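S.K.: Input: one structure, supplied below.
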Amino acid sequence: MSVPGSFSVLRVLWLLSVFGTVLPLDGGMLFPQESSFREVKELNGLWDFRADGSPNRNEGFEKAWYKRRLTETGPVIEMPVPASYNDITQDPTLRDFIGWVWYEREVFVPARWISDEGTRVVLRVGSAHYYSIVWVNGEKVTEHEGGHLPFEAEISSLIRKEPTKPCRITIAVNNTLTLETLPPGTIQYMNDSSRYPDGFFVQNIDFDFFNYAGIHRSVLLYTTPKVHVDDISVETNFMDNTGLVRYKVSVQGGFNNTLNITLMDKDGHFVASSTGSSGGLKVVDVKLWWPYLMHENPGYLYSMKVRQHAHRHVGDEYTLPVGIRTINVTNTQFLINNKPFYFHGVNKHEDSDIRGRGFDWPLIVKDFNLMKWLGVNSFRTSHYPYAEEILQMCDRHGIVVIDELLPHISVFRNASLSHHLVVMDELVRRDKNHPSVVMWSVANEPASEMPPAEFYFKTLIEHTKALDQTRPVTYVTIAAADMDKGGPYVDVVCANSYFAWYFDQGRLDIIPLQLSTHFENWYRKYQRPIIQSEYGADAVPGLHMDPPMMFTEEYQNALLQSYHDVFDQKRNQYFVGELIWNFADFMTSQGIYRVVGNKKGIFTRQRQPKAAAFLLRKRYWRLANETGRLLPD
Ligand code: BDP
């Protein structure tokens with residue numbers, strides 16, 4: 001992150017065109033795109049599917065189900081991809097299934113992809129929860145741990161082995177969470193044979209959303225030329241009316257490449273060009289990327305075309321959308337393009353009826369329309385990375401994102417830390433070029449009272465800052481004890497609280513005192529800007545009571561209103577944002593605290609407004625006018 005307001009530092013960076021970001025991963029993870037040199041084939045639709053219900057859940061491996069068609073080793077059902085499998089059938093054992101499930105699909109690969117040795121064919125899974133193993137024609141091509149990030153494997157040579165046969169893709173996915181996984185969980189066997197049948201076990205989890213599983217995002221085959229653009233990183237800056245895009249491109253598969261970089265404006269007009277694998281592009285009369293409601297033309301994107309010519313090979317081309325903006329944090333402010341930014345937004349989940357966590361365009365577009373209707377300028381990806389297509393929409397619409405990696409974690413082992421660092425690498429590698437992403441959140445509400453927590457978070461936050469020096473880093477806390485462990489390292493304090501809900505039930509009158517004490521203490525101690533990263537109350541839609549009682553729409557409204565009064569007092573001091581919990585009702589595990597899911601949404605799960613949506617809408621549009629700098633300085 002550049003030092004706020006320090007133009008001498010900016011000038012040095014400017015002159016040297018130093019590329020600040022360190023990227024430790026070898027390969028890139030560019031979003032697949034079509035160009036004159038690249039093709040994409042979506043494998044979404046119906047796949048054959050079978051859950052391995054054997055007692056040890058291991059029959060699929062013992063009998064090598066990947067070696068033959070799935071229909072040859074047992075019964076299959078049709079399963080849509082992308083979707084969670086849990087809510088697709090009427091079978092409660094599949095809804096609550098723990099263990100391996102098997103997906104299979106045969107696909108015809110275009111003949112040219114097979115015959116042309118200069119074409120690289122890649123199989124990509126947008127995300128599958130939680131652990132995945134992938135085979136092509138019975139041969140293992142990759143495995144991946146972690147439920148919300150993409151993974152891929154080059155399969156060119158494999159598909160050329162049997163060119164006339166359709167290509168059979170088998171993906172086994174396991175949703176079991178253990179002390180080794182992120183998020184962690186435990187499997188508990190119930191050994192009391194008077195109460196439980198043989199082999200009875202339960203999955204315990206420590207987070208408040210349903211552990212949806214399956215192939216959640218698109219499966220694709222895509223091609224690149226053999227010598228190809230593997231990764232691109234950009235960092236942007238500006239001074240007065242001139243913008244700067246510093247870039248770094250890596251090419252894989254061959255040497256002696258020439259790279260031509262061309263930046264175009266939104267209308268396709270030439271802006272600047274350069275050559276070589278790293279450099280800078282100067283943008284005269286720059287149009288900055290601004291958040292929604294902060295400018296009359298938010299989400300302005302340039303296009304950076306990377307054209308690679310390889311000696312004796314076909315060239316490659318990849319076009320990256322680029323938003324030019326800066327992020328800085330002072331003791332009291334969050335600055336975008338050197339102007340104070342106030343987050344008036346939501347927390348979301350990737351969650352809906354039937355699809356579970358499966359990618360769904362109608363839902364995504366509806367949610368964006370609802371966010372705009374509400375006057376939302378930001379959201380946090382609670383509690384895991386969302387689909388890349390969602391971030392691309394945020395880039396285009398100017399919706400600011402706090403990109404969060406993980407939910408609650410309570411296990412601070414060395415193995416978890418090593419894995420946490422790897423997934424953080426994967427997240428930064430995937431999302432580093434999105435102008436909408438303004439801050440990384442390494443986790444939500446870690447159980448920081450555990451002894452190694454401080455070392456764990458210090459390492460994680462420092463690692464993230466080393467990966468990306470252009471964005472602030474936070475971790476979201478709920479208890480003062482958490483803050484003591486992470487507070488010294490975060491750039492922005494993100495605090496969740498549930499006054500008059502989990503504590504002092506029904507006592508709305510205590511909110512002003514407790515909330516303002518909470519803010520004052522943290523600000524005094526850490527001297528960082530504060531965001532209320534969660535607050536809210538469950539409301540069962542249609543339940544009314546006045547004076548308000550818990551679970552009614554009136555109570556939800558009154559609780560939000562009491563929080564807002566305190567926010568307004570602190571807003572001109574160090575308080576820089578409010579994110580309601582939650583945008584919409586969402587599914588959770590069954591339990592006595594949840595009536596078919598968490599009802600803290602201001603919209604129902606079907607995206608219909610509760611009374612609180614209207615309260616928030618009024619507030620957010622007022623805030624947009626007061627804080628959005630829509631007016632000239
Ligand atoms: C917060 C958690 C969130 C929960 C919420 C709640 O961060 O995941 O859903 O509580 O209880 O502490 O509604």
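In the structure tokens, the first chain shown is A, the next is B, and so on; residue numbers restart at 1 for each chain, and ligands run from 1 in the order shown.
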Residues of chain A that approach ligand 1 to 9 Å or less, counting only C-alpha atoms and all ligand atoms: could you list each one with the shortest pair of atoms and its distance in Å to one decimal, rows by chain and increasing residue number, as a Markdown table?

M.R.:
| residue | atom | partner | partner_atom_place_in_ligand_line | distance |
| --- | --- | --- | --- | --- |
| A:Phe207 | CA | ligand 1 | 8 (O) | 6.1 |
| A:Asp208 | CA | ligand 1 | 9 (O) | 4.7 |
| A:Phe209 | CA | ligand 1 | 9 (O) | 6.7 |
| A:Ser382 | CA | ligand 1 | 8 (O) | 7.4 |
| A:His383 | CA | ligand 1 | 8 (O) | 7.1 |
| A:Pro407 | CA | ligand 1 | 8 (O) | 6.9 |
| A:His408 | CA | ligand 1 | 7 (O) | 7.1 |
| A:Asn444 | CA | ligand 1 | 7 (O) | 6.2 |
| A:Glu445 | CA | ligand 1 | 7 (O) | 6.3 |
| A:Val476 | CA | ligand 1 | 7 (O) | 8.3 |
| A:Thr477 | CA | ligand 1 | 7 (O) | 8.5 |
| A:Ile478 | CA | ligand 1 | 12 (O) | 6.8 |
| A:Asn496 | CA | ligand 1 | 12 (O) | 6.6 |
| A:Ser497 | CA | ligand 1 | 12 (O) | 7.3 |
| A:Tyr498 | CA | ligand 1 | 10 (O) | 7.6 |
| A:Tyr502 | CA | ligand 1 | 11 (O) | 8.1 |
| A:Ser533 | CA | ligand 1 | 7 (O) | 8.9 |
| A:Glu534 | CA | ligand 1 | 1 (C) | 7.0 |
| A:Tyr535 | CA | ligand 1 | 1 (C) | 8.1 |
| A:Gly536 | CA | ligand 1 | 13 (O) | 7.4 |
| A:Ala537 | CA | ligand 1 | 13 (O) | 7.3 |
| A:Asp538 | CA | ligand 1 | 13 (O) | 7.4 |
| A:Trp581 | CA | ligand 1 | 13 (O) | 7.0 |
| A:Asn582 | CA | ligand 1 | 13 (O) | 7.9 |
| A:Phe586 | CA | ligand 1 | 9 (O) | 8.8 |
| A:Thr588 | CA | ligand 1 | 9 (O) | 8.4 |
| A:Asn598 | CA | ligand 1 | 13 (O) | 6.2 |
| A:Lys599 | CA | ligand 1 | 13 (O) | 7.8 |
| A:Lys600 | CA | ligand 1 | 13 (O) | 6.3 |

S.K.: Which of range 138-193 of chain A end up as alpha helix (DSSP H) when DSSP is run on this backbone - answer as a PyMOL selection string?

M.R.: chain A and resi 156-161

S.K.: Keeping only C-alpha atoms, write the selected residues as a PDB file, in the first residue's frame.

M.R.:
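What follows is the written file result-v1.pdb:
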ATOM      1  CA  SER A 156      -3.528 -32.134 -24.119  1.00  0.00           C
ATOM      2  CA  SER A 157      -1.404 -35.271 -24.258  1.00  0.00           C
ATOM      3  CA  LEU A 158      -4.054 -37.407 -22.591  1.00  0.00           C
ATOM      4  CA  ILE A 159      -6.782 -36.606 -25.072  1.00  0.00           C
ATOM      5  CA  ARG A 160      -4.375 -37.241 -27.944  1.00  0.00           C
ATOM      6  CA  LYS A 161      -3.786 -40.802 -26.769  1.00  0.00           C
TER       7      LYS A 161
END

S.K.: Within 8 Å of range 172-182 of chain A, which residues of range 404-483 of chain A show up? Give each one with its shortest atom-to-atom distance in Å (one decimal) and the two atoms involved, counting only C-alpha atoms, rows by chain then rising residue number, as JSON lines.

M.R.:
{"residue": "A:Leu406", "atom": "CA", "partner": "A:Leu182", "partner_atom": "CA", "distance": 7.3}
{"residue": "A:Ile409", "atom": "CA", "partner": "A:Leu182", "partner_atom": "CA", "distance": 7.6}
{"residue": "A:Val411", "atom": "CA", "partner": "A:Leu179", "partner_atom": "CA", "distance": 6.9}
{"residue": "A:Ala415", "atom": "CA", "partner": "A:Glu180", "partner_atom": "CA", "distance": 7.0}
{"residue": "A:Ser416", "atom": "CA", "partner": "A:Glu180", "partner_atom": "CA", "distance": 6.1}
{"residue": "A:His419", "atom": "CA", "partner": "A:Leu182", "partner_atom": "CA", "distance": 7.8}
{"residue": "A:His420", "atom": "CA", "partner": "A:Leu182", "partner_atom": "CA", "distance": 7.3}

S.K.: Range 194-431 of chain A: which residues are strand (DSSP E) by DSSP, as a PyMOL selection string?

M.R.: chain A and resi 201-205+214-215+219-225+228-239+242-252+257-264+270-275+278-283+302-310+316-322+327-329+334-336+339-340+343-347+378-380+400-404

S.K.: Kindly give the distance, in Å, that separates CA of Pro541 in chain A and CA of Thr93 in chain A, rounded to a single decimal.

M.R.: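 Computing it gives 29.0 Å between the two atoms.
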
S.K.: Env of Ile77 in chain A: 10 Å cut, atoms = only C-alpha atoms, seq-sep filter 2 positions within chain, self excluded. Answer as a VMD selection string.

M.R.: chain A and resid 46 to 51 71 75 79 to 80 89 103

S.K.: Choose the residue, out of A:Leu508, A:Val400, A:Leu460, A:Val493, that has the smallest atom-to-atom separation from Ser418 in chain A; count only C-alpha atoms.

M.R.: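 Answer, going by the shortest atom-to-atom distance: A:Leu460.
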